[in-house]
There are 4 protein chains.
Amino acid sequence: MLERDRERLLDAARRMNRSPLGSGALAGTTFDLDRDATAKELGFDAPTRNSLDAVADRDYLVEAVAALANCAIHLSRIGEELVLWSSQEFGFVQMSDAFTTGSSMMPQKKNPDMAELVRGKSGRVVGDLVALLVMLKGLPLTYNRDMQEDKPPTFDAFDTVDACLHILAGSLASARFDGARMRAALREGFVDATELADYLTAKGVPFRDAHHVAGRLVRAALAQGKTLAELPLEELRRESPAFEDDVYAALDPETAVERRKLLGGPARARVEAEIRDLRARLAQRGYDVQMIARELGAQV
Amino acid sequence: MLERDRERLLDAARRMNRSPLGSGALAGTTFDLDRDATAKELGFDAPTRNSLDAVADRDYLVEAVAALANCAIHLSRIGEELVLWSSQEFGFVQMSDAFTTGSSMMPQKKNPDMAELVRGKSGRVVGDLVALLVMLKGLPLTYNRDMQEDKPPTFDAFDTVDACLHILAGSLASARFDGARMRAALREGFVDATELADYLTAKGVPFRDAHHVAGRLVRAALAQGKTLAELPLEELRRESPAFEDDVYAALDPETAVERRKLLGGPARARVEAEIRDLRARLAQRGYDVQMIARELGAQV
Amino acid sequence: MLERDRERLLDAARRMNRSPLGSGALAGTTFDLDRDATAKELGFDAPTRNSLDAVADRDYLVEAVAALANCAIHLSRIGEELVLWSSQEFGFVQMSDAFTTGSSMMPQKKNPDMAELVRGKSGRVVGDLVALLVMLKGLPLTYNRDMQEDKPPTFDAFDTVDACLHILAGSLASARFDGARMRAALREGFVDATELADYLTAKGVPFRDAHHVAGRLVRAALAQGKTLAELPLEELRRESPAFEDDVYAALDPETAVERRKLLGGPARARVEAEIRDLRARLAQRGYDVQMIARELGAQV
Amino acid sequence: MLERDRERLLDAARRMNRSPLGSGALAGTTFDLDRDATAKELGFDAPTRNSLDAVADRDYLVEAVAALANCAIHLSRIGEELVLWSSQEFGFVQMSDAFTTGSSMMPQKKNPDMAELVRGKSGRVVGDLVALLVMLKGLPLTYNRDMQEDKPPTFDAFDTVDACLHILAGSLASARFDGARMRAALREGFVDATELADYLTAKGVPFRDAHHVAGRLVRAALAQGKTLAELPLEELRRESPAFEDDVYAALDPETAVERRKLLGGPARARVEAEIRDLRARLAQRGYDVQMIARELGAQV
């Protein structure tokens, strides 16, 4: 998500980085200016190509703030995930005190206030985008004084997303995940029913039958207050003779994860390769991942 | 428009003016509080009726900011009207120097910058409304820290509409309308074709025929570079014998206006009665219209 | 929440219910129409008071759709609550099959798809509101053809909120709440720490001290994997001699609820009175609550 | 403007064009799929790189609809320009009957209804963008049923912009511009005051003095109801002896235009070069400009 947000902002920067110098108030200038040279000198990629357009439009701000709104919505979703996962009922993650609010009376309580703020601040950025679009709507060409209103929403959108990125980076750097609870949740949810069906299919049972067997066994396990892996082999075999001793290994969530080893899948080797790849890209862009991690750690 | 905006804000104020005191963090309080008495004492109309709701909702801010957005859009339209009417091509109105921007080189030029700013600032208020709605969307009950973000858009919406109202009040108080040009524009546009058809209908000509006669005469006038009123009676009579000498009075725009004398119409007596009525209502609400006008006049 | 939404829609209806008949294309009509009589006859409360305004404005649609957006956001929050509460981790509620999506392989799984759809559909309604505001922004007076675009967002907003209300009504009517799990969650979260502090305060312990005692006892209970109510009296008394045998009753969540008996609070009698009051209001408005419940029950 | 809109849509298409096949419901698949091969075969540039992300996100739709909103706002501005320019007061342009609405009674009247509709329809597209952003806001990862609501706003945004582009293309293809009126408007507005000051500066008069002289002469011309070019040379020389006979050529608007010959300026050669360049680019992309023009011509 964030890689694409970054690409969008770079695309916006590229399209924005044109020098309007020489466009005058709208009709260009009579000065004998070298627009290519002044553009380069001022750090632009090139000059704009139409003086009326250079003066009239703010679509490059709409594009940038739209990319920021997309990003802010992404951050609202990561924020929601942290809020959910740190609730008492999920209990999958806990952020450090710097990113949560406690109570001296209920010291165990860590409200994920920073993650909630990030979630809420997405509203500002969408509001900023709408402010720009409404401001531009229906304006005749070229410059109109209305366009002076382009700055507050643009600056606010950049500042807000910048702040949210820092907050979430720190929140995640300080997060401690509770592997045991996550593992337990996996077992409760019968997510291994799919594995059971896959196991039977691999043994030659037609998929439709395998699917039905899995359903019946989940029902049986539910009735006994057990997980699928807690059902004895003989009970499994009563539903299908294809079951053998190796079924219990197949039901293990780690096995299930490792079997999903295609590009983009959750198998450990795949995920580690992706992380290495992302780190390499960050290094190429001049970021020292170790140092950033230390800094975030120090901050939390 | 503005009367309805005012009513909406009053409705919002009425719905908002409930005391949450006694709602605690969400589940009420164990203190033996007289909620009716404290509400009255604090200037509220009544206490809220549900502690969870009192803490969880911000719909009263959405309502108020939506009323402000409706108003800001109204102001953008009045702003547009002033921009249009003060253009060189229309030339119907000129605002004072305090509400326009000139140039020492083109001293006749008065850019309606304030009206353009009012038009543009409607974007902010719509953005503020969207910011609130997005912030609240999908929040579980009751209070979430996201809701801390309710204040910036709310305050900004009130401040922006307040500023726009002041700017437009001054712009209109300082506006000089060019009656001669407006009258001339009326003649150019053949708006009297309707009067011509009405005239014939009143003389007993079936509406369909009257309509066709009017169309043919407009075409004839166009071809000769004349207005309808500049066509001689004999030419009119060639199209319909129902025309008589009194047709020229009927074509006069002032006659046309005076004939539209129903409630809500433009006849002078109607408009004056409406103005008297509005002034009386303002006086009842404690506004001294004369004083306000003088103040705006002093300011311009 | 919904009561206020209803009031807003009624306010909008009241403001909208004016007859424009007699406004003509913009300047009124020359027909000798009785505008009061035709307004009454057509079911309007009164005629509009300005022909230009009657033709030019659509603020009444903005107001209605803003009220619907406020309502849709409310519904998104109730939807979120149902999604959260029906998750495996919370397990507080289960909606019927008509409002959830299952899987033959995981028969215990009931995805709260209808609640999610309601949550998502709030986007449409906010989008409809923005569509109207953007359409109107900066339009000169009076009618412009742009305004033909007022109908699709208005109709869509009404239809969407109508559908969402039906879905949520059915979802809630079919919901079975798991009191035991909710009770258990109450105990896990040390929400009774506040009760403990209140108990001590009532016994004359200064609030600040009571607060600290509560914090220390929560910490102690946490360390032993116990709830506060599971700590023996002698351990409590070691922190404060004010504790007596009646503390255990005070820690009971039901006691805590019953002690919050102010208007708006959760005490059973209060809540039942509010329900009676709401039912009476519904009956007054002509709704047969029993019949509606039966219908919803039949539908689920 | 439209070139940048096109680039943004191409960027969005590039980022969107990834195959999710092999992502399963969220955790990938155990099938031994060649994701690169299936992606190519299905016409995608590459496979997505994370199964959770592939299932969870709709940022590519937000990006595309944001690009469409940017474009719709551009079109609203071109629409506004056509509305303004075709008003009786401006009278700069007239579109054909296919893109205007007339009246048999006022045959000269051509309401620019199509341009107004394009202007108004920008509201829909901004509303569609907001609908998507609100729908996604705060959703936990990964897929939620809410996301089914991604299609109506996306399809509507594409269809609306597509229709608006066709309408404006036809409107512009059928537009007849009234050069004489535009030239006359140029003279009325004293836009040549800048040329006068430039002329003096070129003759060695300090810019500040030249500026003042121009201002005084505009005032004098205004007082006499003349244009600058109608003032006799001796009157000009009374303000500055630097004026010579060639000043009248310098005041000619065509000279003023030709002197602005930098890249992006309005000099005829520059504009023609830009048109040639755009045509060449269109040809390269496979569009036959002549044929399109003929088609649009036939349609109008």
# chains A, B, ... in the order shown; residues from 1 in each chain; ligands from 1
call {"tool": "interface_residues", "arguments": {"of": "chain A", "to": "chain B", "cutoff": "7 Å", "atoms": "only C-alpha atoms", "output": "PyMOL selection string"}}
result
chain A and resi 113+116-117+119-124+126-128+130-132+134-135+144-147+149
call {"tool": "write_last_selection", "arguments": {"atoms": "N, CA, C and O atoms", "output": "PDB file, in the first residue's frame"}}
result
ATOM      1  N   ASP A 113      -4.811   5.329  21.713  1.00  0.00           N
ATOM      2  CA  ASP A 113      -5.258   6.671  21.310  1.00  0.00           C
ATOM      3  C   ASP A 113      -4.561   7.180  20.056  1.00  0.00           C
ATOM      4  O   ASP A 113      -5.176   7.859  19.233  1.00  0.00           O
ATOM      5  N   GLU A 116      -6.078   5.617  17.077  1.00  0.00           N
ATOM      6  CA  GLU A 116      -7.406   6.187  16.832  1.00  0.00           C
ATOM      7  C   GLU A 116      -7.299   7.575  16.203  1.00  0.00           C
ATOM      8  O   GLU A 116      -8.066   7.926  15.300  1.00  0.00           O
ATOM      9  N   LEU A 117      -6.329   8.353  16.667  1.00  0.00           N
ATOM     10  CA  LEU A 117      -6.148   9.681  16.083  1.00  0.00           C
ATOM     11  C   LEU A 117      -5.769   9.596  14.606  1.00  0.00           C
ATOM     12  O   LEU A 117      -6.269  10.362  13.777  1.00  0.00           O
ATOM     13  N   ARG A 119      -6.537   7.205  12.615  1.00  0.00           N
ATOM     14  CA  ARG A 119      -7.768   6.811  11.923  1.00  0.00           C
ATOM     15  C   ARG A 119      -8.658   8.032  11.690  1.00  0.00           C
ATOM     16  O   ARG A 119      -9.171   8.255  10.589  1.00  0.00           O
ATOM     17  N   GLY A 120      -8.811   8.849  12.716  1.00  0.00           N
ATOM     18  CA  GLY A 120      -9.688  10.013  12.605  1.00  0.00           C
ATOM     19  C   GLY A 120      -9.151  11.088  11.683  1.00  0.00           C
ATOM     20  O   GLY A 120      -9.920  11.787  11.013  1.00  0.00           O
ATOM     21  N   LYS A 121      -7.832  11.227  11.647  1.00  0.00           N
ATOM     22  CA  LYS A 121      -7.262  12.319  10.861  1.00  0.00           C
ATOM     23  C   LYS A 121      -7.408  12.089   9.356  1.00  0.00           C
ATOM     24  O   LYS A 121      -7.198  13.019   8.566  1.00  0.00           O
ATOM     25  N   SER A 122      -7.763  10.870   8.952  1.00  0.00           N
ATOM     26  CA  SER A 122      -8.026  10.662   7.526  1.00  0.00           C
ATOM     27  C   SER A 122      -9.139  11.592   7.051  1.00  0.00           C
ATOM     28  O   SER A 122      -9.160  11.998   5.890  1.00  0.00           O
ATOM     29  N   GLY A 123     -10.071  11.923   7.966  1.00  0.00           N
ATOM     30  CA  GLY A 123     -11.159  12.840   7.605  1.00  0.00           C
ATOM     31  C   GLY A 123     -10.640  14.184   7.120  1.00  0.00           C
ATOM     32  O   GLY A 123     -11.129  14.725   6.122  1.00  0.00           O
ATOM     33  N   ARG A 124      -9.658  14.714   7.841  1.00  0.00           N
ATOM     34  CA  ARG A 124      -9.075  16.014   7.445  1.00  0.00           C
ATOM     35  C   ARG A 124      -8.580  15.986   6.020  1.00  0.00           C
ATOM     36  O   ARG A 124      -8.760  16.934   5.261  1.00  0.00           O
ATOM     37  N   VAL A 126      -9.245  13.898   3.476  1.00  0.00           N
ATOM     38  CA  VAL A 126     -10.315  13.815   2.476  1.00  0.00           C
ATOM     39  C   VAL A 126     -11.014  15.178   2.367  1.00  0.00           C
ATOM     40  O   VAL A 126     -11.338  15.643   1.275  1.00  0.00           O
ATOM     41  N   GLY A 127     -11.208  15.840   3.512  1.00  0.00           N
ATOM     42  CA  GLY A 127     -11.789  17.185   3.501  1.00  0.00           C
ATOM     43  C   GLY A 127     -10.923  18.167   2.721  1.00  0.00           C
ATOM     44  O   GLY A 127     -11.443  19.004   1.968  1.00  0.00           O
ATOM     45  N   ASP A 128      -9.618  18.068   2.872  1.00  0.00           N
ATOM     46  CA  ASP A 128      -8.720  18.950   2.132  1.00  0.00           C
ATOM     47  C   ASP A 128      -8.858  18.748   0.622  1.00  0.00           C
ATOM     48  O   ASP A 128      -8.874  19.705  -0.155  1.00  0.00           O
ATOM     49  N   VAL A 130     -11.477  17.567  -0.990  1.00  0.00           N
ATOM     50  CA  VAL A 130     -12.770  18.101  -1.425  1.00  0.00           C
ATOM     51  C   VAL A 130     -12.721  19.635  -1.485  1.00  0.00           C
ATOM     52  O   VAL A 130     -13.261  20.254  -2.409  1.00  0.00           O
ATOM     53  N   ALA A 131     -12.050  20.247  -0.518  1.00  0.00           N
ATOM     54  CA  ALA A 131     -11.940  21.710  -0.510  1.00  0.00           C
ATOM     55  C   ALA A 131     -11.294  22.203  -1.809  1.00  0.00           C
ATOM     56  O   ALA A 131     -11.765  23.173  -2.422  1.00  0.00           O
ATOM     57  N   LEU A 132     -10.233  21.535  -2.252  1.00  0.00           N
ATOM     58  CA  LEU A 132      -9.558  21.944  -3.488  1.00  0.00           C
ATOM     59  C   LEU A 132     -10.461  21.759  -4.699  1.00  0.00           C
ATOM     60  O   LEU A 132     -10.551  22.636  -5.567  1.00  0.00           O
ATOM     61  N   VAL A 134     -13.768  21.558  -4.876  1.00  0.00           N
ATOM     62  CA  VAL A 134     -14.896  22.492  -4.874  1.00  0.00           C
ATOM     63  C   VAL A 134     -14.414  23.891  -5.241  1.00  0.00           C
ATOM     64  O   VAL A 134     -15.077  24.614  -5.994  1.00  0.00           O
ATOM     65  N   MET A 135     -13.251  24.273  -4.735  1.00  0.00           N
ATOM     66  CA  MET A 135     -12.729  25.610  -5.023  1.00  0.00           C
ATOM     67  C   MET A 135     -12.524  25.812  -6.531  1.00  0.00           C
ATOM     68  O   MET A 135     -12.845  26.861  -7.088  1.00  0.00           O
ATOM     69  N   ASN A 144      -8.116  33.081 -11.116  1.00  0.00           N
ATOM     70  CA  ASN A 144      -9.149  33.761 -10.350  1.00  0.00           C
ATOM     71  C   ASN A 144      -8.650  33.843  -8.919  1.00  0.00           C
ATOM     72  O   ASN A 144      -7.930  32.955  -8.457  1.00  0.00           O
ATOM     73  N   ARG A 145      -9.083  34.885  -8.237  1.00  0.00           N
ATOM     74  CA  ARG A 145      -8.572  35.091  -6.885  1.00  0.00           C
ATOM     75  C   ARG A 145      -8.967  33.956  -5.947  1.00  0.00           C
ATOM     76  O   ARG A 145      -8.307  33.727  -4.930  1.00  0.00           O
ATOM     77  N   ASP A 146     -10.035  33.206  -6.299  1.00  0.00           N
ATOM     78  CA  ASP A 146     -10.446  32.033  -5.503  1.00  0.00           C
ATOM     79  C   ASP A 146      -9.262  31.115  -5.230  1.00  0.00           C
ATOM     80  O   ASP A 146      -9.188  30.453  -4.192  1.00  0.00           O
ATOM     81  N   MET A 147      -8.336  31.074  -6.221  1.00  0.00           N
ATOM     82  CA  MET A 147      -7.274  30.078  -6.180  1.00  0.00           C
ATOM     83  C   MET A 147      -6.247  30.347  -5.079  1.00  0.00           C
ATOM     84  O   MET A 147      -5.424  29.485  -4.779  1.00  0.00           O
ATOM     85  N   GLU A 149      -7.034  30.187  -2.249  1.00  0.00           N
ATOM     86  CA  GLU A 149      -7.457  29.203  -1.240  1.00  0.00           C
ATOM     87  C   GLU A 149      -6.842  27.816  -1.472  1.00  0.00           C
ATOM     88  O   GLU A 149      -7.270  26.840  -0.848  1.00  0.00           O
TER      89      GLU A 149
END
call {"tool": "select_by_dssp", "arguments": {"residues": "region 18-81 of chain C", "states": "strand (DSSP E)", "output": "list in words"}}
result
Arg18, Ser19, Ala46 and Pro47 of chain C
call {"tool": "residues_around", "arguments": {"residues": "Thr29 (chain C)", "least_positions_apart": "2", "cutoff": "12 Å", "atoms": "only C-alpha atoms", "output": "ChimeraX atom specification"}}
result
/B:194-195,198,256-267 /C:20-27,31-35,50-52
call {"tool": "write_last_selection", "arguments": {"atoms": "N, CA and C atoms", "output": "mmCIF file, in the first residue's frame"}}
result
data_model
loop_
_atom_site.group_PDB
_atom_site.id
_atom_site.type_symbol
_atom_site.label_atom_id
_atom_site.label_comp_id
_atom_site.auth_asym_id
_atom_site.auth_seq_id
_atom_site.Cartn_x
_atom_site.Cartn_y
_atom_site.Cartn_z
ATOM 1 N N THR B 194 -42.110 37.369 -25.027
ATOM 2 C CA THR B 194 -43.162 36.776 -24.194
ATOM 3 C C THR B 194 -44.316 37.755 -23.995
ATOM 4 N N GLU B 195 -43.964 39.023 -23.789
ATOM 5 C CA GLU B 195 -45.001 40.038 -23.579
ATOM 6 C C GLU B 195 -45.856 40.184 -24.827
ATOM 7 N N ASP B 198 -48.188 37.336 -24.950
ATOM 8 C CA ASP B 198 -49.218 37.545 -23.920
ATOM 9 C C ASP B 198 -50.236 38.595 -24.388
ATOM 10 N N ALA B 256 -43.975 45.038 -18.060
ATOM 11 C CA ALA B 256 -43.859 43.581 -17.906
ATOM 12 C C ALA B 256 -43.622 43.220 -16.450
ATOM 13 N N VAL B 257 -42.781 43.973 -15.789
ATOM 14 C CA VAL B 257 -42.500 43.710 -14.378
ATOM 15 C C VAL B 257 -43.753 43.960 -13.541
ATOM 16 N N GLU B 258 -44.405 45.087 -13.807
ATOM 17 C CA GLU B 258 -45.568 45.442 -12.982
ATOM 18 C C GLU B 258 -46.713 44.444 -13.119
ATOM 19 N N ARG B 259 -46.800 43.815 -14.292
ATOM 20 C CA ARG B 259 -47.882 42.852 -14.497
ATOM 21 C C ARG B 259 -47.675 41.561 -13.689
ATOM 22 N N ARG B 260 -46.456 41.349 -13.206
ATOM 23 C CA ARG B 260 -46.170 40.128 -12.426
ATOM 24 C C ARG B 260 -46.275 40.458 -10.942
ATOM 25 N N LYS B 261 -47.517 40.589 -10.514
ATOM 26 C CA LYS B 261 -47.728 41.157 -9.185
ATOM 27 C C LYS B 261 -48.210 40.154 -8.139
ATOM 28 N N LEU B 262 -48.146 38.863 -8.480
ATOM 29 C CA LEU B 262 -48.492 37.844 -7.476
ATOM 30 C C LEU B 262 -47.459 37.827 -6.358
ATOM 31 N N LEU B 263 -47.816 37.238 -5.233
ATOM 32 C CA LEU B 263 -46.865 37.004 -4.148
ATOM 33 C C LEU B 263 -45.620 36.333 -4.734
ATOM 34 N N GLY B 264 -44.451 36.899 -4.411
ATOM 35 C CA GLY B 264 -43.203 36.315 -4.905
ATOM 36 C C GLY B 264 -42.757 36.903 -6.225
ATOM 37 N N GLY B 265 -43.611 37.713 -6.865
ATOM 38 C CA GLY B 265 -43.272 38.269 -8.166
ATOM 39 C C GLY B 265 -42.505 39.575 -8.046
ATOM 40 N N PRO B 266 -42.049 40.127 -9.188
ATOM 41 C CA PRO B 266 -41.156 41.275 -9.181
ATOM 42 C C PRO B 266 -41.850 42.640 -9.192
ATOM 43 N N ALA B 267 -43.190 42.686 -9.222
ATOM 44 C CA ALA B 267 -43.854 43.998 -9.260
ATOM 45 C C ALA B 267 -43.374 44.839 -8.076
ATOM 46 N N PRO C 20 -44.026 26.175 -5.446
ATOM 47 C CA PRO C 20 -43.431 27.171 -6.346
ATOM 48 C C PRO C 20 -44.410 27.613 -7.433
ATOM 49 N N LEU C 21 -45.579 27.000 -7.498
ATOM 50 C CA LEU C 21 -46.511 27.310 -8.590
ATOM 51 C C LEU C 21 -46.816 28.804 -8.621
ATOM 52 N N GLY C 22 -46.607 29.396 -9.781
ATOM 53 C CA GLY C 22 -46.785 30.829 -9.923
ATOM 54 C C GLY C 22 -45.456 31.559 -10.032
ATOM 55 N N SER C 23 -44.345 30.801 -9.977
ATOM 56 C CA SER C 23 -43.027 31.431 -10.112
ATOM 57 C C SER C 23 -42.604 31.563 -11.571
ATOM 58 N N GLY C 24 -43.309 30.878 -12.454
ATOM 59 C CA GLY C 24 -42.965 30.939 -13.858
ATOM 60 C C GLY C 24 -41.562 30.423 -14.091
ATOM 61 N N ALA C 25 -40.921 30.931 -15.149
ATOM 62 C CA ALA C 25 -39.563 30.498 -15.441
ATOM 63 C C ALA C 25 -38.589 31.124 -14.467
ATOM 64 N N LEU C 26 -38.957 32.243 -13.904
ATOM 65 C CA LEU C 26 -38.133 32.913 -12.897
ATOM 66 C C LEU C 26 -38.767 34.199 -12.385
ATOM 67 N N ALA C 27 -39.634 34.832 -13.211
ATOM 68 C CA ALA C 27 -40.111 36.170 -12.867
ATOM 69 C C ALA C 27 -41.578 36.190 -12.477
ATOM 70 N N PHE C 31 -50.650 35.405 -14.932
ATOM 71 C CA PHE C 31 -51.960 34.813 -14.673
ATOM 72 C C PHE C 31 -52.436 35.214 -13.284
ATOM 73 N N ASP C 32 -53.727 35.407 -13.141
ATOM 74 C CA ASP C 32 -54.254 35.822 -11.844
ATOM 75 C C ASP C 32 -54.537 34.593 -10.982
ATOM 76 N N LEU C 33 -53.447 34.061 -10.463
ATOM 77 C CA LEU C 33 -53.480 32.797 -9.732
ATOM 78 C C LEU C 33 -53.655 33.077 -8.248
ATOM 79 N N ASP C 34 -54.446 32.236 -7.548
ATOM 80 C CA ASP C 34 -54.487 32.345 -6.084
ATOM 81 C C ASP C 34 -53.436 31.397 -5.523
ATOM 82 N N ARG C 35 -52.256 31.933 -5.255
ATOM 83 C CA ARG C 35 -51.140 31.072 -4.872
ATOM 84 C C ARG C 35 -51.391 30.355 -3.556
ATOM 85 N N ASN C 50 -40.575 34.045 -3.160
ATOM 86 C CA ASN C 50 -39.757 34.806 -4.111
ATOM 87 C C ASN C 50 -39.565 33.954 -5.350
ATOM 88 N N SER C 51 -40.002 34.463 -6.488
ATOM 89 C CA SER C 51 -40.005 33.616 -7.680
ATOM 90 C C SER C 51 -38.588 33.276 -8.146
ATOM 91 N N LEU C 52 -37.635 34.218 -8.021
ATOM 92 C CA LEU C 52 -36.256 33.927 -8.430
ATOM 93 C C LEU C 52 -35.681 32.813 -7.563
#
call {"tool": "select_by_dssp", "arguments": {"residues": "region 67-224 of chain D", "states": "helix (DSSP H, G or I)", "output": "ChimeraX atom specification"}}
result
/D:67-85,97-99,113-136,145-174,179-188,193-202,207-224
call {"tool": "atom_distance", "arguments": {"atom1": "CA of Leu200 (chain A)", "atom2": "CA of Thr142 (chain D)"}}
result
27.9 Å
call {"tool": "closest_residue", "arguments": {"among": "A:His74, A:Arg18, A:Arg216, A:Lys110", "to": "Leu141 (chain D)", "atoms": "only C-alpha atoms"}}
result
A:His74
call {"tool": "residues_around", "arguments": {"residues": "region 202-205 of chain D", "least_positions_apart": "2", "cutoff": "12 Å", "atoms": "only C-alpha atoms", "output": "list in words"}}
result
Thr30 and Phe31 of chain A; Glu195, Leu196, Ala197, Asp198, Tyr199, Leu200, Phe207, Arg208, Asp209, Ala210, His211, His212, Val213, Ala214, Glu239, Ser240, Pro241, Ala242, Phe243, Glu244, Asp246, Val247 and Ala250 of chain D
call {"tool": "decode", "arguments": {"residues": "region 245-256 of chain A", "atoms": "N, CA, C and O atoms", "output": "mmCIF file, in the first residue's frame"}}
result
data_model
loop_
_atom_site.group_PDB
_atom_site.id
_atom_site.type_symbol
_atom_site.label_atom_id
_atom_site.label_comp_id
_atom_site.auth_asym_id
_atom_site.auth_seq_id
_atom_site.Cartn_x
_atom_site.Cartn_y
_atom_site.Cartn_z
ATOM 1 N N ASP A 245 -2.643 -40.993 9.488
ATOM 2 C CA ASP A 245 -2.000 -40.358 10.635
ATOM 3 C C ASP A 245 -1.431 -38.965 10.319
ATOM 4 O O ASP A 245 -1.353 -38.105 11.210
ATOM 5 N N ASP A 246 -1.046 -38.785 9.040
ATOM 6 C CA ASP A 246 -0.397 -37.510 8.681
ATOM 7 C C ASP A 246 -1.381 -36.333 8.630
ATOM 8 O O ASP A 246 -0.985 -35.201 8.377
ATOM 9 N N VAL A 247 -2.673 -36.601 8.860
ATOM 10 C CA VAL A 247 -3.653 -35.510 8.791
ATOM 11 C C VAL A 247 -3.365 -34.444 9.850
ATOM 12 O O VAL A 247 -3.553 -33.246 9.616
ATOM 13 N N TYR A 248 -2.876 -34.877 11.012
ATOM 14 C CA TYR A 248 -2.664 -33.907 12.101
ATOM 15 C C TYR A 248 -1.566 -32.902 11.755
ATOM 16 O O TYR A 248 -1.649 -31.725 12.105
ATOM 17 N N ALA A 249 -0.563 -33.359 11.037
ATOM 18 C CA ALA A 249 0.482 -32.426 10.582
ATOM 19 C C ALA A 249 -0.114 -31.431 9.588
ATOM 20 O O ALA A 249 0.200 -30.234 9.610
ATOM 21 N N ALA A 250 -1.006 -31.958 8.729
ATOM 22 C CA ALA A 250 -1.611 -31.090 7.703
ATOM 23 C C ALA A 250 -2.479 -29.999 8.325
ATOM 24 O O ALA A 250 -2.648 -28.929 7.745
ATOM 25 N N LEU A 251 -3.049 -30.313 9.499
ATOM 26 C CA LEU A 251 -3.946 -29.342 10.142
ATOM 27 C C LEU A 251 -3.176 -28.254 10.887
ATOM 28 O O LEU A 251 -3.766 -27.235 11.271
ATOM 29 N N ASP A 252 -1.903 -28.475 11.082
ATOM 30 C CA ASP A 252 -1.110 -27.486 11.806
ATOM 31 C C ASP A 252 -1.085 -26.169 11.028
ATOM 32 O O ASP A 252 -0.768 -26.155 9.839
ATOM 33 N N PRO A 253 -1.426 -25.032 11.680
ATOM 34 C CA PRO A 253 -1.460 -23.761 10.959
ATOM 35 C C PRO A 253 -0.126 -23.439 10.287
ATOM 36 O O PRO A 253 -0.098 -22.890 9.196
ATOM 37 N N GLU A 254 0.978 -23.814 10.926
ATOM 38 C CA GLU A 254 2.272 -23.495 10.319
ATOM 39 C C GLU A 254 2.459 -24.243 9.005
ATOM 40 O O GLU A 254 3.003 -23.705 8.042
ATOM 41 N N THR A 255 2.005 -25.491 8.991
ATOM 42 C CA THR A 255 2.052 -26.246 7.729
ATOM 43 C C THR A 255 1.209 -25.538 6.677
ATOM 44 O O THR A 255 1.623 -25.375 5.526
ATOM 45 N N ALA A 256 0.005 -25.115 7.112
ATOM 46 C CA ALA A 256 -0.906 -24.451 6.174
ATOM 47 C C ALA A 256 -0.245 -23.213 5.588
ATOM 48 O O ALA A 256 -0.332 -22.952 4.379
#
